[in-house]
file coords-v3.txt (compact mmCIF, C-alpha atoms and all ligand atoms)
# COMPACT_ATOMS: atom_id res chain seq x y z
CA MET A 26 -59.32 77.71 81.69
CA ASP A 27 -60.71 80.82 80.04
CA SER A 28 -63.59 82.32 81.99
CA PRO A 29 -66.48 83.10 79.66
CA ALA A 30 -67.72 86.68 79.62
CA ILE A 31 -70.01 86.17 82.59
CA ASP A 32 -68.72 88.46 85.30
CA LEU A 33 -69.71 87.49 88.83
CA ARG A 34 -68.08 90.71 90.07
CA ASP A 35 -70.73 92.70 88.18
CA PRO A 36 -72.66 94.62 90.89
CA ALA A 37 -75.91 93.29 89.39
CA PHE A 38 -74.92 89.77 90.53
CA VAL A 39 -75.30 90.70 94.19
CA GLY A 40 -78.89 91.90 93.77
CA ASN A 41 -80.00 89.06 91.50
CA PRO A 42 -77.59 86.19 90.73
CA TYR A 43 -80.19 84.06 88.93
CA PRO A 44 -79.82 85.44 85.36
CA PHE A 45 -76.04 84.90 85.75
CA TYR A 46 -76.61 81.27 86.78
CA ALA A 47 -78.95 80.72 83.82
CA ARG A 48 -76.16 81.81 81.48
CA MET A 49 -73.61 79.66 83.30
CA ARG A 50 -75.84 76.56 83.01
CA ALA A 51 -76.28 77.20 79.29
CA GLU A 52 -72.86 78.52 78.25
CA ALA A 53 -70.37 77.35 80.87
CA PRO A 54 -71.67 74.53 83.09
CA ALA A 55 -68.10 74.22 84.37
CA TYR A 56 -67.18 77.84 85.11
CA TRP A 57 -63.73 78.84 86.32
CA LEU A 58 -63.77 81.67 88.87
CA PRO A 59 -60.28 82.97 89.64
CA HIS A 60 -59.90 84.29 93.19
CA GLY A 61 -57.27 84.78 95.89
CA ASN A 62 -54.18 82.74 95.03
CA GLY A 63 -56.05 80.35 92.79
CA GLY A 64 -59.61 79.79 91.72
CA MET A 65 -62.39 77.24 91.61
CA TRP A 66 -64.60 75.35 89.20
CA MET A 67 -68.24 76.27 89.74
CA PHE A 68 -70.90 73.77 88.64
CA THR A 69 -74.40 75.10 88.11
CA ARG A 70 -76.59 72.30 86.68
CA TYR A 71 -78.81 70.34 89.09
CA ALA A 72 -77.31 66.93 88.28
CA ASP A 73 -73.70 68.18 88.50
CA VAL A 74 -74.38 69.95 91.80
CA GLU A 75 -75.80 66.73 93.25
CA LEU A 76 -72.80 64.80 91.99
CA ILE A 77 -70.22 67.19 93.48
CA LEU A 78 -72.01 67.15 96.85
CA LYS A 79 -72.29 63.37 97.01
CA ASP A 80 -69.12 62.09 95.30
CA LEU A 81 -66.40 61.32 97.86
CA ARG A 82 -63.68 61.86 95.24
CA PHE A 83 -64.25 65.51 96.15
CA LYS A 84 -62.56 66.01 99.47
CA LYS A 85 -63.13 68.50 102.27
CA ASP A 86 -60.09 67.96 104.45
CA THR A 87 -58.50 71.41 104.75
CA SER A 88 -55.43 70.27 106.71
CA ARG A 89 -53.33 69.86 103.56
CA PHE A 90 -53.85 73.54 102.67
CA VAL A 91 -52.73 74.88 106.04
CA GLN A 92 -49.67 77.12 105.69
CA PRO A 93 -46.72 76.71 108.04
CA GLY A 94 -47.43 78.65 111.23
CA GLU A 95 -51.20 78.61 110.63
CA GLN A 96 -53.50 76.75 113.01
CA ASN A 97 -56.07 74.21 111.84
CA PHE A 98 -59.34 73.56 113.64
CA PRO A 99 -60.92 70.40 112.27
CA GLN A 100 -64.71 69.93 112.43
CA MET A 101 -67.17 67.81 110.49
CA LEU A 102 -67.51 70.22 107.55
CA ASN A 103 -63.78 70.34 106.83
CA THR A 104 -62.96 66.65 107.29
CA ASP A 105 -63.57 63.40 105.38
CA PRO A 106 -64.45 59.98 106.81
CA PRO A 107 -63.50 58.49 109.21
CA ASP A 108 -62.91 61.79 111.11
CA HIS A 109 -66.11 63.28 109.68
CA THR A 110 -68.18 60.30 110.88
CA ARG A 111 -66.75 60.54 114.40
CA LEU A 112 -67.17 64.32 114.70
CA ARG A 113 -70.71 64.33 113.29
CA SER A 114 -71.88 61.51 115.57
CA LEU A 115 -70.77 63.47 118.65
CA VAL A 116 -73.28 66.27 118.07
CA SER A 117 -75.95 64.65 115.93
CA LYS A 118 -78.05 63.65 118.96
CA ALA A 119 -78.67 67.34 119.73
CA PHE A 120 -80.32 67.93 116.32
CA THR A 121 -82.62 64.94 115.72
CA PRO A 122 -86.16 65.82 114.56
CA LYS A 123 -87.55 64.58 117.90
CA VAL A 124 -85.22 66.74 120.04
CA VAL A 125 -85.87 69.73 117.80
CA GLU A 126 -89.64 69.26 117.98
CA GLY A 127 -89.40 69.61 121.76
CA MET A 128 -87.84 73.05 121.28
CA GLY A 129 -90.97 74.35 119.51
CA PRO A 130 -92.68 76.07 122.46
CA HIS A 131 -89.47 77.79 123.49
CA ILE A 132 -88.76 79.03 119.95
CA GLN A 133 -92.37 80.22 119.74
CA GLY A 134 -91.80 82.20 122.95
CA ILE A 135 -88.75 83.96 121.45
CA VAL A 136 -90.68 84.74 118.23
CA SER A 137 -93.54 86.31 120.23
CA TYR A 138 -91.17 88.30 122.40
CA LEU A 139 -89.29 89.77 119.41
CA LEU A 140 -92.48 90.64 117.54
CA GLU A 141 -94.11 92.24 120.56
CA ARG A 142 -90.99 94.31 121.04
CA ALA A 143 -91.11 95.50 117.42
CA LYS A 144 -94.82 96.35 117.73
CA ALA A 145 -94.16 98.40 120.84
CA LYS A 146 -91.33 100.21 119.07
CA GLY A 147 -93.59 100.90 116.08
CA GLU A 148 -90.96 99.92 113.49
CA LEU A 149 -89.29 96.79 112.22
CA GLU A 150 -85.87 96.41 110.60
CA LEU A 151 -86.51 92.79 109.74
CA MET A 152 -82.87 91.66 109.89
CA ALA A 153 -81.65 93.39 113.07
CA ASP A 154 -84.91 93.17 115.01
CA PHE A 155 -86.14 89.70 114.06
CA ALA A 156 -84.32 87.50 111.52
CA MET A 157 -80.93 87.88 113.22
CA PRO A 158 -81.74 87.59 116.95
CA LEU A 159 -84.01 84.52 116.70
CA PRO A 160 -81.53 81.91 115.34
CA VAL A 161 -78.68 83.44 117.31
CA ILE A 162 -80.58 83.16 120.61
CA VAL A 163 -81.62 79.58 119.78
CA ILE A 164 -78.13 78.31 118.86
CA ALA A 165 -76.44 80.19 121.71
CA GLU A 166 -78.86 78.67 124.24
CA LEU A 167 -78.48 75.20 122.77
CA MET A 168 -74.70 75.40 122.89
CA GLY A 169 -74.50 77.22 126.20
CA VAL A 170 -72.87 80.41 124.90
CA PRO A 171 -73.69 83.45 127.12
CA MET A 172 -76.34 85.64 125.53
CA GLU A 173 -74.68 88.87 126.64
CA ASP A 174 -71.78 88.15 124.24
CA ARG A 175 -74.21 88.00 121.31
CA GLU A 176 -73.31 91.26 119.54
CA GLN A 177 -69.64 90.44 119.79
CA PHE A 178 -69.65 86.94 118.33
CA ARG A 179 -72.21 87.93 115.74
CA GLU A 180 -69.73 90.46 114.37
CA TRP A 181 -66.84 87.95 114.33
CA SER A 182 -68.97 85.32 112.70
CA THR A 183 -70.07 87.71 109.94
CA TYR A 184 -66.48 88.88 109.34
CA PHE A 185 -65.47 85.27 108.98
CA ALA A 186 -68.31 84.29 106.66
CA LEU A 187 -68.05 87.29 104.31
CA GLY A 188 -64.26 87.61 104.38
CA ASN A 189 -63.75 84.08 103.12
CA ASP A 190 -65.96 84.64 100.11
CA ALA A 191 -64.69 84.69 96.54
CA LEU A 192 -66.00 88.28 96.20
CA ALA A 193 -64.27 89.46 99.38
CA THR A 194 -62.07 92.56 99.24
CA PRO A 195 -58.55 92.39 100.76
CA GLU A 196 -59.87 94.36 103.77
CA ALA A 197 -62.70 91.87 104.24
CA ARG A 198 -60.17 89.01 104.07
CA GLU A 199 -58.13 90.67 106.76
CA ARG A 200 -61.23 91.06 108.93
CA ALA A 201 -61.99 87.35 108.42
CA GLY A 202 -58.61 86.51 109.97
CA LEU A 203 -59.42 88.78 112.88
CA GLY A 204 -62.87 87.19 113.21
CA ILE A 205 -61.52 83.66 113.40
CA GLN A 206 -58.76 84.61 115.85
CA SER A 207 -61.30 86.31 118.09
CA LEU A 208 -63.65 83.32 117.96
CA VAL A 209 -60.79 80.95 118.84
CA GLY A 210 -59.79 83.13 121.82
CA TYR A 211 -63.38 83.45 122.91
CA PHE A 212 -64.02 79.69 122.88
CA GLN A 213 -60.70 78.91 124.57
CA HIS A 214 -61.80 81.11 127.44
CA LEU A 215 -65.37 79.80 127.55
CA LEU A 216 -64.27 76.15 127.39
CA ALA A 217 -61.89 76.65 130.31
CA GLN A 218 -64.72 78.22 132.30
CA ARG A 219 -67.20 75.43 131.48
CA ARG A 220 -64.63 72.78 132.37
CA GLN A 221 -64.64 74.24 135.91
CA GLU A 222 -68.43 74.51 136.03
CA PRO A 223 -70.12 72.06 133.66
CA ARG A 224 -73.77 72.70 132.75
CA ASP A 225 -76.46 70.85 130.86
CA ASP A 226 -75.52 72.16 127.42
CA LEU A 227 -73.83 71.07 124.20
CA ILE A 228 -70.48 72.66 125.04
CA SER A 229 -70.27 70.78 128.37
CA GLY A 230 -71.12 67.55 126.50
CA LEU A 231 -68.32 68.17 123.99
CA ILE A 232 -65.85 68.92 126.79
CA ALA A 233 -66.75 65.60 128.42
CA ALA A 234 -66.23 63.81 125.09
CA HIS A 235 -62.76 65.38 124.93
CA ASP A 236 -61.72 65.00 128.57
CA GLU A 237 -63.22 61.65 129.44
CA GLY A 238 -63.62 59.78 126.20
CA GLY A 239 -60.71 61.28 124.23
CA LYS A 240 -63.20 61.29 121.35
CA LEU A 241 -62.18 64.69 120.04
CA SER A 242 -58.96 66.68 120.21
CA ALA A 243 -58.58 70.17 121.71
CA GLU A 244 -58.48 71.66 118.17
CA GLU A 245 -61.56 69.69 117.13
CA LEU A 246 -63.40 70.93 120.20
CA ILE A 247 -62.80 74.55 119.21
CA GLY A 248 -63.45 73.84 115.52
CA THR A 249 -66.81 72.24 116.32
CA CYS A 250 -67.91 75.13 118.54
CA ILE A 251 -67.05 77.68 115.86
CA LEU A 252 -68.80 75.66 113.15
CA LEU A 253 -72.03 75.35 115.12
CA LEU A 254 -72.08 79.01 116.04
CA ILE A 255 -71.47 80.17 112.46
CA ALA A 256 -73.87 77.61 110.95
CA GLY A 257 -76.55 78.87 113.35
CA HIS A 258 -75.81 82.52 112.47
CA GLU A 259 -75.40 82.99 108.77
CA THR A 260 -78.04 80.61 107.44
CA THR A 261 -81.39 80.56 109.22
CA VAL A 262 -81.11 84.35 109.53
CA ASN A 263 -81.03 84.52 105.75
CA LEU A 264 -83.84 82.01 105.31
CA ILE A 265 -86.11 84.28 107.36
CA GLY A 266 -84.83 87.43 105.57
CA ASN A 267 -84.81 86.05 102.01
CA GLY A 268 -88.10 84.23 102.61
CA THR A 269 -89.88 87.37 103.80
CA HIS A 270 -88.38 89.30 100.89
CA ALA A 271 -89.65 86.72 98.37
CA LEU A 272 -93.13 86.84 99.93
CA LEU A 273 -93.31 90.64 99.77
CA CYS A 274 -92.20 90.49 96.12
CA HIS A 275 -95.09 88.08 95.41
CA PRO A 276 -98.19 89.54 97.12
CA GLU A 277 -100.50 86.92 95.55
CA GLU A 278 -98.44 84.06 97.06
CA LEU A 279 -98.28 85.89 100.38
CA GLU A 280 -102.08 86.18 100.32
CA ARG A 281 -102.35 82.48 99.43
CA LEU A 282 -100.33 81.60 102.54
CA ARG A 283 -102.34 83.94 104.74
CA ARG A 284 -105.57 82.30 103.59
CA ASN A 285 -104.19 78.78 103.88
CA PRO A 286 -101.85 78.35 106.90
CA GLY A 287 -101.71 74.60 106.12
CA LEU A 288 -99.28 75.58 103.34
CA LEU A 289 -96.64 76.68 105.85
CA GLU A 290 -94.34 73.64 105.62
CA SER A 291 -94.38 73.51 101.85
CA ALA A 292 -93.99 77.32 101.72
CA VAL A 293 -90.75 77.14 103.71
CA GLU A 294 -89.42 74.45 101.34
CA GLU A 295 -90.24 76.64 98.35
CA LEU A 296 -88.63 79.70 99.96
CA LEU A 297 -85.53 77.58 100.60
CA ARG A 298 -85.48 76.62 96.92
CA TYR A 299 -86.37 80.01 95.49
CA ASP A 300 -83.65 82.06 97.21
CA ALA A 301 -81.26 79.67 98.95
CA PRO A 302 -79.46 81.10 102.02
CA VAL A 303 -76.37 79.01 101.15
CA GLN A 304 -75.91 79.64 97.44
CA ARG A 305 -72.95 77.39 96.90
CA SER A 306 -71.22 74.56 98.71
CA THR A 307 -68.35 75.04 101.13
CA PHE A 308 -64.70 74.20 100.32
CA ARG A 309 -64.04 71.01 98.32
CA TYR A 310 -61.20 69.89 96.08
CA ALA A 311 -60.63 66.99 93.71
CA GLY A 312 -58.77 64.21 95.52
CA GLU A 313 -58.05 62.61 92.14
CA GLU A 314 -58.59 63.49 88.49
CA ALA A 315 -62.32 63.64 87.75
CA GLU A 316 -64.55 64.73 84.88
CA VAL A 317 -67.74 66.71 85.47
CA ALA A 318 -69.85 68.49 82.82
CA GLY A 319 -67.22 67.58 80.24
CA GLN A 320 -64.48 69.31 82.21
CA VAL A 321 -61.44 67.42 83.48
CA ILE A 322 -60.63 68.56 87.00
CA GLN A 323 -57.04 68.13 88.09
CA PRO A 324 -56.22 66.65 91.51
CA GLY A 325 -56.05 69.48 94.09
CA GLN A 326 -58.23 71.91 92.12
CA GLN A 327 -61.11 73.48 94.05
CA VAL A 328 -64.71 72.84 93.07
CA SER A 329 -67.98 74.39 94.18
CA ALA A 330 -71.56 73.21 93.67
CA VAL A 331 -73.83 76.19 93.02
CA ILE A 332 -76.92 75.16 94.97
CA GLY A 333 -78.75 78.43 94.20
CA SER A 334 -78.46 77.61 90.50
CA ALA A 335 -79.41 73.91 90.81
CA ASN A 336 -82.62 75.04 92.51
CA ARG A 337 -83.54 77.10 89.41
CA ASP A 338 -82.55 74.49 86.81
CA PRO A 339 -85.48 73.92 84.39
CA GLU A 340 -84.23 70.32 83.95
CA ALA A 341 -85.23 69.68 87.58
CA PHE A 342 -88.12 72.11 88.27
CA PRO A 343 -90.94 73.12 85.92
CA ASP A 344 -91.16 76.90 85.65
CA PRO A 345 -88.23 77.29 88.07
CA ASP A 346 -88.29 81.10 88.35
CA ARG A 347 -91.87 81.06 89.59
CA LEU A 348 -92.49 81.14 93.35
CA ASP A 349 -95.13 78.46 94.01
CA LEU A 350 -95.66 77.88 97.73
CA GLY A 351 -97.49 74.64 97.01
CA ARG A 352 -94.77 73.23 94.74
CA THR A 353 -94.56 69.46 94.87
CA PRO A 354 -92.32 67.57 94.44
CA ASN A 355 -89.63 69.99 95.58
CA ARG A 356 -86.25 68.26 95.75
CA HIS A 357 -84.26 71.44 96.32
CA GLN A 358 -80.63 71.10 97.37
CA SER A 359 -80.56 73.98 99.84
CA PHE A 360 -79.41 71.79 102.73
CA GLY A 361 -76.85 69.98 100.56
CA ARG A 362 -76.70 66.25 99.82
CA GLY A 363 -74.73 63.21 100.92
CA ILE A 364 -72.71 62.79 104.11
CA HIS A 365 -72.42 66.55 104.76
CA PHE A 366 -76.20 67.11 104.50
CA CYS A 367 -77.07 69.93 106.90
CA LEU A 368 -77.19 68.68 110.46
CA GLY A 369 -79.32 71.66 111.50
CA ALA A 370 -82.02 71.20 108.83
CA PRO A 371 -84.83 70.18 111.26
CA LEU A 372 -83.99 73.13 113.52
CA ALA A 373 -83.76 75.60 110.63
CA ARG A 374 -87.10 74.41 109.23
CA LEU A 375 -88.87 74.72 112.56
CA GLU A 376 -87.42 78.18 113.27
CA ALA A 377 -88.41 79.45 109.84
CA GLN A 378 -91.93 78.02 110.06
CA LEU A 379 -92.56 79.57 113.46
CA ALA A 380 -90.92 82.85 112.47
CA LEU A 381 -92.98 83.30 109.29
CA LYS A 382 -96.21 82.20 110.94
CA GLY A 383 -95.62 84.63 113.83
CA LEU A 384 -94.66 87.47 111.50
CA LEU A 385 -97.74 87.11 109.27
CA GLU A 386 -100.10 86.79 112.22
CA ALA A 387 -98.60 89.77 114.05
CA PHE A 388 -98.57 92.04 110.99
CA PRO A 389 -101.53 91.58 108.61
CA GLU A 390 -100.39 94.64 106.62
CA LEU A 391 -96.72 93.81 106.18
CA GLU A 392 -95.10 95.55 103.19
CA PHE A 393 -91.86 97.03 101.89
CA ALA A 394 -90.77 100.24 103.63
CA ALA A 395 -89.67 103.27 101.60
CA GLU A 396 -85.99 102.37 102.06
CA ALA A 397 -84.97 99.58 99.67
CA PRO A 398 -83.45 96.41 101.16
CA ALA A 399 -79.69 95.99 100.66
CA TRP A 400 -77.99 92.66 99.76
CA ARG A 401 -74.60 91.63 101.08
CA PRO A 402 -71.90 91.09 98.44
CA ALA A 403 -71.13 87.35 98.54
CA THR A 404 -71.23 84.20 96.43
CA MET A 405 -71.82 81.79 99.30
CA PHE A 406 -74.19 83.23 101.92
CA ARG A 407 -76.99 85.17 100.24
CA GLY A 408 -78.67 87.55 102.63
CA LEU A 409 -79.80 91.08 103.32
CA GLU A 410 -77.74 93.62 105.19
CA ARG A 411 -80.76 95.78 105.96
CA PHE A 412 -84.45 95.14 105.36
CA PRO A 413 -86.78 97.78 106.83
CA VAL A 414 -90.45 96.77 106.53
CA ALA A 415 -93.65 98.68 107.17
CA PHE A 416 -96.71 97.34 108.98
CA ALA A 417 -99.15 100.23 108.78
C1 LIG B 1 -74.08 71.71 106.53
C2 LIG B 1 -77.33 74.76 104.69
C3 LIG B 1 -78.93 75.83 109.15
C4 LIG B 1 -75.48 73.05 111.01
C5 LIG B 1 -74.83 72.44 105.66
C6 LIG B 1 -74.71 72.38 104.22
C7 LIG B 1 -75.63 73.24 103.71
C8 LIG B 1 -76.32 73.85 104.81
C9 LIG B 1 -75.87 73.55 102.23
C10 LIG B 1 -73.74 71.52 103.40
C11 LIG B 1 -72.54 72.30 102.94
C12 LIG B 1 -71.64 71.51 102.02
O1 LIG B 1 -71.83 70.29 101.81
O2 LIG B 1 -70.69 72.13 101.49
C13 LIG B 1 -78.04 75.31 105.74
C14 LIG B 1 -79.17 76.20 105.59
C15 LIG B 1 -79.62 76.48 106.85
C16 LIG B 1 -78.78 75.78 107.78
C17 LIG B 1 -79.70 76.69 104.25
C18 LIG B 1 -80.74 77.37 107.29
C19 LIG B 1 -81.74 77.68 106.52
C20 LIG B 1 -78.14 75.17 110.04
C21 LIG B 1 -78.29 75.23 111.48
C22 LIG B 1 -77.33 74.46 112.00
C23 LIG B 1 -76.56 73.89 110.90
C24 LIG B 1 -79.36 76.01 112.25
C25 LIG B 1 -77.12 74.18 113.46
C26 LIG B 1 -76.14 74.53 114.12
C27 LIG B 1 -74.81 72.48 109.95
C28 LIG B 1 -73.67 71.59 110.12
C29 LIG B 1 -73.27 71.19 108.83
C30 LIG B 1 -74.16 71.85 107.89
C31 LIG B 1 -73.06 71.16 111.44
C32 LIG B 1 -72.11 70.25 108.48
C33 LIG B 1 -72.62 68.82 108.33
C34 LIG B 1 -71.50 67.85 107.97
O3 LIG B 1 -70.43 68.26 107.51
O4 LIG B 1 -71.73 66.65 108.15
N1 LIG B 1 -75.83 73.33 106.00
N2 LIG B 1 -77.83 75.09 107.07
N3 LIG B 1 -77.09 74.35 109.72
N4 LIG B 1 -75.08 72.61 108.61
FE1 LIG B 1 -76.52 73.77 107.86

call {"tool": "encode", "arguments": {"input": "coords-v3.txt", "output": "structure tokens"}}
result
Amino acid sequence: MDSPAIDLRDPAFVGNPYPFYARMRAEAPAYWLPHGNGGMWMFTRYADVELILKDLRFKKDTSRFVQPGEQNFPQMLNTDPPDHTRLRSLVSKAFTPKVVEGMGPHIQGIVSYLLERAKAKGELELMADFAMPLPVIVIAELMGVPMEDREQFREWSTYFALGNDALATPEARERAGLGIQSLVGYFQHLLAQRRQEPRDDLISGLIAAHDEGGKLSAEELIGTCILLLIAGHETTVNLIGNGTHALLCHPEELERLRRNPGLLESAVEELLRYDAPVQRSTFRYAGEEAEVAGQVIQPGQQVSAVIGSANRDPEAFPDPDRLDLGRTPNRHQSFGRGIHFCLGAPLARLEAQLALKGLLEAFPELEFAAEAPAWRPATMFRGLERFPVAFA
């Protein structure tokens, strides 16, 4: 299991991982990344990524890795069928394309409010002022999480997401533990409150499924709340941030979109492909011996599908490093594949479409500010820490 001389801890990886992926696809399509107490096989070619995401020999159930004394909070993304099927069906009704479509005017209202606020202030830090609040407000409202707690759970969620990454420092790992503990405590409290005073929101619906139907356990209830909150935080935020960044790096494509607003849907798909917010799949391990890209994977070994690389594989996309907002077909894998395909995809798409449309209409002169944007160090969630923009 020798790692080839492609170093993902090279600081250049954080700014631009794509040349690293190109080498991995060519030289080491099964790449061993040691981390923490073990390591994982990373697969970078389009076909292998699709296989890992779809093949149920690769398991997600984390319960067997829980250390004595540690708690486990099952949810759909860390379980296999039949638990996965049950847990997913309990919330899927809240995310159907039809339900999400009905949220359009409300999301539009939030977009306008945030942009007006930035205009009045005369400056825009794209992440803190726009990309971050929009998805967080939407998911918090949908779930029924009080808005005034926003700053607090945003911090815990980010600790958790970054601290569990293969590039995380020991301090970041420690903060991740703190983040998850805080989120558990927070939801325990909120769930108790909502049980006393049910409302018309997702959390109250989940409590009823637990209390009345026995359809999910107390741990699953907390696990599901945490999953939805984090999924709503660390992903759509980065689609808006990375998408705007890609547009500003390609002024001719930005101009093309401004002149042709009918391109909006296809533009969002291309931005998803070009700089995927979730660069690699979440935890999976081989349930049995399996061979992928010529590599035998032993039962119990971790695997990861590098979505960000699959999306740039020349075997799947002509001229893959070119941003082409009209690209068709565009079978990117940014929302995953198979039974764990992103439940929030319709919501994420709508939010990003309305956000970009609003941003371009509000600021016809949008451009990079003098201060360069800064990327967060991570292999899973690719996003910007800070992104000041200028709008003349
Ligand atoms: C699953 C990406 C937004 C909820 C996934 C997966 C990906 C993904 C790649 C599969 C992970 C794997 O198989 O390892 C994204 C991206 C988003 C986004 C790129 C934004 C641009 C959202 C939103 C929600 C959401 C807004 C809503 C709360 C979920 C859930 C799953 C999931 C619940 C687990 C599905 C299952 O296990 O059956 N997402 N996501 N996502 N996503 Fe998203």

call {"tool": "closest_residue", "arguments": {"input": "coords-v3.txt", "among": "A:Thr104, A:Leu215, A:Arg50, A:Leu384", "to": "Asp174 of chain A", "atoms": "all atoms listed in the file"}}
result
A:Leu215

call {"tool": "residues_near_ligand", "arguments": {"input": "coords-v3.txt", "ligand": "ligand LIG 1 (chain B)", "cutoff": "6 Å", "atoms": "only C-alpha atoms and all ligand atoms", "output": "number ranges by chain"}}
result
A: 78, 101-102, 113, 253, 256-257, 260-261, 264, 302-303, 306-307, 359-361, 364-370, 372-373

call {"tool": "atom_distance", "arguments": {"input": "coords-v3.txt", "atom1": "atom CA of Asn336 of chain A", "atom2": "atom CA of Ala301 of chain A"}}
result
8.0 Å

call {"tool": "closest_residue", "arguments": {"input": "coords-v3.txt", "among": "A:Pro54, A:Pro371, A:Pro42, A:Pro389", "to": "Gly319 of chain A", "atoms": "all atoms listed in the file"}}
result
A:Pro54

call {"tool": "residues_around", "arguments": {"input": "coords-v3.txt", "residues": "segment 96-99 of chain A", "least_positions_apart": "6", "cutoff": "6 Å", "atoms": "all atoms listed in the file", "output": "VMD selection string"}}
result
chain A and resid 244 to 245 248

call {"tool": "residues_around", "arguments": {"input": "coords-v3.txt", "residues": "Ala30 of chain A", "least_positions_apart": "5", "cutoff": "10 Å", "atoms": "all atoms listed in the file", "output": "list in words"}}
result
Arg48, Met49, Glu52 and Ala53 of chain A

call {"tool": "write_last_selection", "arguments": {"input": "coords-v3.txt", "atoms": "C-alpha atoms", "output": "short mmCIF file (atom, residue, chain, number, x, y, z; two decimals), keeping the file's coordinate frame"}}
result
data_model
loop_
_atom_site.label_atom_id
_atom_site.label_comp_id
_atom_site.auth_asym_id
_atom_site.auth_seq_id
_atom_site.Cartn_x
_atom_site.Cartn_y
_atom_site.Cartn_z
CA ARG A 48 -76.16 81.81 81.48
CA MET A 49 -73.61 79.66 83.30
CA GLU A 52 -72.86 78.52 78.25
CA ALA A 53 -70.37 77.35 80.87
#

call {"tool": "residues_near_point", "arguments": {"input": "coords-v3.txt", "point": "(-80.8, 79.9, 118.8)", "cutoff": "12 Å", "atoms": "all atoms listed in the file", "output": "ChimeraX atom specification"}}
result
/A:125,128-129,131-136,156-172,175,253-262,369,372-373,375-377

call {"tool": "write_last_selection", "arguments": {"input": "coords-v3.txt", "atoms": "C-alpha atoms", "output": "tab-separated table (two decimals), in the coordinates of the input"}}
result
chain	number	residue	atom	x	y	z
A	125	VAL	CA	-85.87	69.73	117.80
A	128	MET	CA	-87.84	73.05	121.28
A	129	GLY	CA	-90.97	74.35	119.51
A	131	HIS	CA	-89.47	77.79	123.49
A	132	ILE	CA	-88.76	79.03	119.95
A	133	GLN	CA	-92.37	80.22	119.74
A	134	GLY	CA	-91.80	82.20	122.95
A	135	ILE	CA	-88.75	83.96	121.45
A	136	VAL	CA	-90.68	84.74	118.23
A	156	ALA	CA	-84.32	87.50	111.52
A	157	MET	CA	-80.93	87.88	113.22
A	158	PRO	CA	-81.74	87.59	116.95
A	159	LEU	CA	-84.01	84.52	116.70
A	160	PRO	CA	-81.53	81.91	115.34
A	161	VAL	CA	-78.68	83.44	117.31
A	162	ILE	CA	-80.58	83.16	120.61
A	163	VAL	CA	-81.62	79.58	119.78
A	164	ILE	CA	-78.13	78.31	118.86
A	165	ALA	CA	-76.44	80.19	121.71
A	166	GLU	CA	-78.86	78.67	124.24
A	167	LEU	CA	-78.48	75.20	122.77
A	168	MET	CA	-74.70	75.40	122.89
A	169	GLY	CA	-74.50	77.22	126.20
A	170	VAL	CA	-72.87	80.41	124.90
A	171	PRO	CA	-73.69	83.45	127.12
A	172	MET	CA	-76.34	85.64	125.53
A	175	ARG	CA	-74.21	88.00	121.31
A	253	LEU	CA	-72.03	75.35	115.12
A	254	LEU	CA	-72.08	79.01	116.04
A	255	ILE	CA	-71.47	80.17	112.46
A	256	ALA	CA	-73.87	77.61	110.95
A	257	GLY	CA	-76.55	78.87	113.35
A	258	HIS	CA	-75.81	82.52	112.47
A	259	GLU	CA	-75.40	82.99	108.77
A	260	THR	CA	-78.04	80.61	107.44
A	261	THR	CA	-81.39	80.56	109.22
A	262	VAL	CA	-81.11	84.35	109.53
A	369	GLY	CA	-79.32	71.66	111.50
A	372	LEU	CA	-83.99	73.13	113.52
A	373	ALA	CA	-83.76	75.60	110.63
A	375	LEU	CA	-88.87	74.72	112.56
A	376	GLU	CA	-87.42	78.18	113.27
A	377	ALA	CA	-88.41	79.45	109.84

call {"tool": "residues_around", "arguments": {"input": "coords-v3.txt", "residues": "Val293 of chain A", "least_positions_apart": "4", "cutoff": "9 Å", "atoms": "only C-alpha atoms", "output": "ChimeraX atom specification"}}
result
/A:264,268,288-289,297-298,350,374,377-378,381

call {"tool": "closest_residue", "arguments": {"input": "coords-v3.txt", "among": "A:Pro36, A:Pro107, A:Gly351, A:Pro223", "to": "Leu279 of chain A", "atoms": "all atoms listed in the file"}}
result
A:Gly351

call {"tool": "residues_near_point", "arguments": {"input": "coords-v3.txt", "point": "(-78.5, 95.9, 112.6)", "cutoff": "10 Å", "atoms": "all atoms listed in the file", "output": "list in words"}}
result
Glu150, Leu151, Met152, Ala153, Asp154, Phe155, Met157, Pro158, Glu176, Glu410, Arg411 and Phe412 of chain A

call {"tool": "residues_around", "arguments": {"input": "coords-v3.txt", "residues": "Phe393 of chain A", "least_positions_apart": "2", "cutoff": "9 Å", "atoms": "only C-alpha atoms", "output": "list in words"}}
result
His270, Leu273, Cys274, Leu391, Ala395, Glu396, Ala397, Pro398, Phe412, Pro413, Val414, Ala415 and Phe416 of chain A

call {"tool": "residues_around", "arguments": {"input": "coords-v3.txt", "residues": "segment 80-84 of chain A", "least_positions_apart": "2", "cutoff": "7 Å", "atoms": "all atoms listed in the file", "output": "VMD selection string"}}
result
chain A and resid 76 to 78 86 105 309 to 313

call {"tool": "atom_distance", "arguments": {"input": "coords-v3.txt", "atom1": "atom CA of Leu112 of chain A", "atom2": "atom CA of Ala243 of chain A"}}
result
12.5 Å
